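These notes concern the structure reproduced below.
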Amino acid sequence: MRNRSVILSVLFVLMFSAVFSQNIRFRCIQVIDSADVVLYWERNAIPLTYQIEVYASLSLTGTYLSLSTINESDIDSFLHENAQAHLQQHFYYLKASPKNDDPSLPVYYSDTLENLSLVLGRQKGVANLYFKQPMKFATSDSIKLDRKTDGVWDVLQTLHNITYNDTVNDTITFCGKFTYYRIRYDKGGGCENISYAVSDFLTDELPPDLARLDTVNLNQVTQKTELGWERSASADAYGYIIYFFTGIWITIDTLYGAENTFYIDNKYSAENESQAYRIATIDTCLNASPLGDIHNTLFLTASIEKCDSIVFFRWNSYQNMPEGVDSFRIYASVNKGAFNIIASVTGNELKYDYKHVNTAYDYQFFVQAVNKKLGFTSSSNIVDVAFNRNIGNGSVTMRYVSVVDNDYLEIVAHVDDTVEFNDMFLYKSVDNGKSFTFYDKLAKTKQAESYVFEDEKVDVERFNYYYYISLTDECDMEYVFSDTSANILLTEVDGELSYNCMEWTEYPWFASGLEAYEVQRKTQVESDFSLITSKMAGEVTYNDFVWNLSEEGGVFYYKILAVESASSRFQDQSESNTIKIVKEPTSYIPNAFAPDGVNKIFKPVCVYVDADSYDFKIYNRWGELLFQTNDVQTGWDGDFNGKPAPQGVYTYVITYKLDEKKSVVKRGTVLLMR
C-alpha cells in the first residue's frame with residue numbers, strides 16, 4: 001500500500017513539472033516613458049502555492065540580483081522601477097518556487113530575456129539608430145522601427161535579417177520637431193517587446209538634390225534671358241534660388257514651388273554681353289543645395305567687310321549644356337522678315353563667315369547652340385547688320401589738259417563738293433585714245449571742287465596724250481566717268497623765207513566749247529610771249545610773216561592757247577607745247593659811210609641773225625677797239641670817246657652763231673668819210 005502511495009506521489013510531481021515548465025515564460029518586456037521596465041509573463045499554470053522571483057543583471061553573464069518576490073497568485077507583471085533603461089540594458093529571468101520552501105517540490109526557471117535597447121545619435125540631418133539584435137531573434141522574425149513626431153506613432157521601417165549590431169539611418173525631411181523612436185519585437189507572447197522611446201529635437205539639415213539647369217536662352221521676341229531646368233529629385237524640394245554673376249555670384253530671385261522650373265530674368269539684359277547663371281535647390285527647411293553648373297548666355301558679334309559683301313560672326317562657347325553642344329546654327333532675317341537657318345557649324349566652331357551677301361538689304365542674325373539628342377537649344381542675342389553702302393552719285397568733268405613750262409602736262413578735273421566719292425582715278429592713253437591704262441589717283445578732299453594731276457612722263461613736243469577721269473565709291477568701284485581730253489600739239493611746217501608756218505591739233509574738249517585759238521609769239525629780243533592773232537574753232541594752221549622782224553634775230557618761239565567759251569564758269573585755257581623756229585641767217589655790210597652825209601651810221605644789215613650771239617666791233621688801223629655792241633639794231637656813228645673819229649679806213653669784225661656748234665666771223669674794212 002505504501003509503495004503505491006509513493007508511486008502516485010512521483011507521478012504527480014512529474015506531471016506538475018511538465019505542465020509548469022511549459023507555462024513559466026516571459027510574454028514580453030516593455031520600457032515605459034519613465035525608463036522603468038515592465039515585465040510580463042504567463043501565470044495561469046502556476047500553482048497557487050508557488051511564488052515568483054524576479055532577477056536582473058546589467059549583462060548576460062553578470063551577477064543577477066533579486067528584484068522582488070511575488071507571492072500573489074494573480075500577479076503576472078512586474079515594474080522594475082529606477083531601471084534607467086534609457087541609459088542601460090537589463091537582462092532578466094524568472095524563478096518559480098514553493099512558498100513553503102518544500103524541498104520535495106521542484107524549482108523552475110524561465111529563459112533569460114533582455115529589454116530592447118535603442119540608442120539615438122544624429123549627424124547633420126540624419127538620425128542614427130543603433131540597437132542590438134534580441135537574443136531570441138530568428139531569421140523569420142522582424143523588428144518594427146517606429147517614429148513619433150506629432151503625437152502619433154508611425155511605423156518607419158520593418159526590419160528583417162538584421163545583423164547582431166545593426167544601425168538604421170533616418171534622413172530627416174521635416175523642420176524642427178521633437179522626434180521619438182522606438183523598436184518593437186513580437187515573439188508571439190501576446191504582447192510586444194518595446195524599447196525605451198529615445199528622442200531629440202531634429203531638423204532637416206541635409207541639402208536637397210540639385211536641380212539640373214538645362215539651358216539659358218535669349219527669347220528672340222522679348223530678348224529676355226530664360227532659364228529652364230529639371231525638377232529636383234528631392235521629395236522635400238520647395239523652390240529654387242537663381243544666381244547671377246557680376247564679378248561675384250549674387251542672388252537675383254528665389255522661386256517657390258518645386259514644380260516651378262522656368263524663369264525669366266527681367267532685370268539683367270544679355271543683349272550686349274554674355275551673362276552667367278546657376279541655380280540651387282531649397283527644401284522645406286530652406287536648406288540650399290550646392291550651386292549647380294555655370295551656364296552662360298551666347299553672345300554674338302558681327303562685323304562686315306562691306307566692299308567684299310561678307311559678314312564675320314564670332315561668339316563665345318556655351319558651357320555645361322547637358323551632353324554637350326552638337327552644333328551651332330546661324331539664323332538670318334532679311335528686312336525684318338522671318339528667321340531662317342543660313343548655316344550650321346560643329347559644336348567646337350565659334351565663328352562663321354557669311355559671304356556673297358546682298359548688301360542692298362538690312363539683316364538680323366542670331367546663333368543657336370543645339371543638343372539634338374536631348375532637344376536642348378540656347379539662342380544668342382540678335383545683332384543688326386546694315387551695309388549702308390554709299391551709292392555713287394554726281395558727275396565729274398574734265399576741265400582742261402595743258403602744257404606747263406613746255407615740260408609736263410597739267411590735267412584738271414571738276415567735281416561738285418556735294419558729290420560723295422572715295423578716289424578720283426586718272427586714265428591715260430598714248431595711242432591717240434585707242435586704249436587707256438590707269439595712271440594716278442587723288443583722294444577726295446573736303447570742300448575741294450578742282451583736282452589737279454601732273455604727268456611728267458610725257459614728251460609734249462612730239463606726242464598727244466589722252467586722258468579721262470573716273471570716280472570711285474567707298475569700295476573703290478568706279479561708277480562715273482568724265483569726257484576725254486588731250487593736250488594741244490603744235491608743230492612747224494615748211495614755209496617760205498619770209499614766213500614761219502605752223503599747225504596744231506584741235507582742242508574740242510572744253511565742256512562749254514571753244515572761244516578761239518590764240519597764237520602767241522616771242523622773238524629773241526622779247527622776254528615774253530605776245531598775242532599775234534586769234535583763230536576760230538576749226539582753224540588749226542597759221543603762217544606768220546616775219547621778214548619785217550629779220551633784224552630781231554633768227555629764232556622765233558610760238559605756242560597756242562585754246563580759250564574756253566566766254567559762257568563757261570571756269571574761263572579755262574589749254575596751252576600747247578612751245579616750238580622754236582630758226583631762220584637761216586645772213587648779213588649785208590656796206591663798205592663806206594659818211595656821218596655827216598646820207599649814210600650816217602655804219603650798221604650791217606642782218607637777216608635772221610642770232611641776236612643772242614651777235615657781236616659787232618670796230619678797230620682803227622693800230623688795232624685799238626673803237627666801238628662794240630651786241631645789239632643787231634645798233635650801228636657805229638663814227639665817234640670815239642665822244643669825239644668824231646678822223647676820216648680813214650677802219651676794220652670791223654662781226655660774229656654770230658649758226659647753231660650750237662657753228663659760228664660765223666666776218667672781217668673787213670669800211671671807209672669813214674668826212
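Chains: A, B, ... in order of the C-alpha cells. Residues: from 1 per chain. Ligands: from 1, in order shown.
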Next on the checklist: Give me, as a PyMOL selection string, all polymer residues having an atom no more than 12 Å from A:Ser435, counting only C-alpha atoms and skipping those fewer than 4 positions away in the same chain.
Outcome noted: chain A and resi 427-431+465-468+484
Next on the checklist: Using only C-alpha atoms, which protein or nucleic acid residues come within 8 Å of A:Tyr363? Drop anything in the same chain fewer than 4 positions from it, and give the result as number ranges by chain.
Outcome noted: A: 332-336, 384-386
Keeping only N, CA and C atoms, write the selected residues to a file as a PDB file, in the first residue's frame.
```pdb
ATOM      1  N   ALA A 332      19.115  83.960 -89.913  1.00  0.00           N
ATOM      2  CA  ALA A 332      19.108  85.296 -90.505  1.00  0.00           C
ATOM      3  C   ALA A 332      17.683  85.726 -90.817  1.00  0.00           C
ATOM      4  N   SER A 333      17.448  87.021 -90.653  1.00  0.00           N
ATOM      5  CA  SER A 333      16.189  87.647 -91.051  1.00  0.00           C
ATOM      6  C   SER A 333      16.524  88.773 -92.022  1.00  0.00           C
ATOM      7  N   VAL A 334      15.809  88.817 -93.143  1.00  0.00           N
ATOM      8  CA  VAL A 334      16.037  89.835 -94.161  1.00  0.00           C
ATOM      9  C   VAL A 334      14.917  90.869 -94.072  1.00  0.00           C
ATOM     10  N   ASN A 335      15.315  92.116 -93.859  1.00  0.00           N
ATOM     11  CA  ASN A 335      14.358  93.233 -93.801  1.00  0.00           C
ATOM     12  C   ASN A 335      13.199  92.948 -92.837  1.00  0.00           C
ATOM     13  N   LYS A 336      13.555  92.468 -91.629  1.00  0.00           N
ATOM     14  CA  LYS A 336      12.600  92.223 -90.537  1.00  0.00           C
ATOM     15  C   LYS A 336      11.660  91.050 -90.827  1.00  0.00           C
ATOM     16  N   ASP A 384      22.045  93.397 -85.454  1.00  0.00           N
ATOM     17  CA  ASP A 384      21.587  94.050 -86.678  1.00  0.00           C
ATOM     18  C   ASP A 384      22.779  94.357 -87.571  1.00  0.00           C
ATOM     19  N   VAL A 385      22.628  94.087 -88.828  1.00  0.00           N
ATOM     20  CA  VAL A 385      23.691  94.363 -89.799  1.00  0.00           C
ATOM     21  C   VAL A 385      23.088  95.110 -90.976  1.00  0.00           C
ATOM     22  N   ALA A 386      23.635  96.281 -91.253  1.00  0.00           N
ATOM     23  CA  ALA A 386      23.243  97.061 -92.432  1.00  0.00           C
ATOM     24  C   ALA A 386      24.525  97.515 -93.120  1.00  0.00           C
TER      25      ALA A 386
END
```
Checklist entry - Quick one: of A:Val357, A:Cys191, A:Ile264, A:Ile172, who's nearest to A:Asp236, counting only C-alpha atoms? => result A:Ile172
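Rounded to one decimal, atom CA of A:Ala448 and atom CA of A:Ile391 lie 20.1 Å from each other.
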Next on the checklist: Give me, as a PyMOL selection string, all polymer residues having an atom no more than 12 Å from A:Gly375, counting only C-alpha atoms and skipping those fewer than 6 positions away in the same chain.
Outcome noted: chain A and resi 214-215+321-327+369
Selection to disk with C-alpha atoms, as a short mmCIF file (atom, residue, chain, number, x, y, z; two decimals), in the first residue's frame:
```cif
data_model
loop_
_atom_site.label_atom_id
_atom_site.label_comp_id
_atom_site.auth_asym_id
_atom_site.auth_seq_id
_atom_site.Cartn_x
_atom_site.Cartn_y
_atom_site.Cartn_z
CA ASP A 214 19.26 72.63 -68.86
CA THR A 215 19.88 75.88 -70.73
CA MET A 321 24.83 72.07 -71.79
CA PRO A 322 23.78 68.51 -70.80
CA GLU A 323 25.69 66.07 -73.03
CA GLY A 324 27.37 68.95 -74.82
CA VAL A 325 26.77 71.14 -77.86
CA ASP A 326 26.42 69.20 -81.12
CA SER A 327 26.32 72.20 -83.41
CA ALA A 369 23.62 76.13 -79.61
#
```
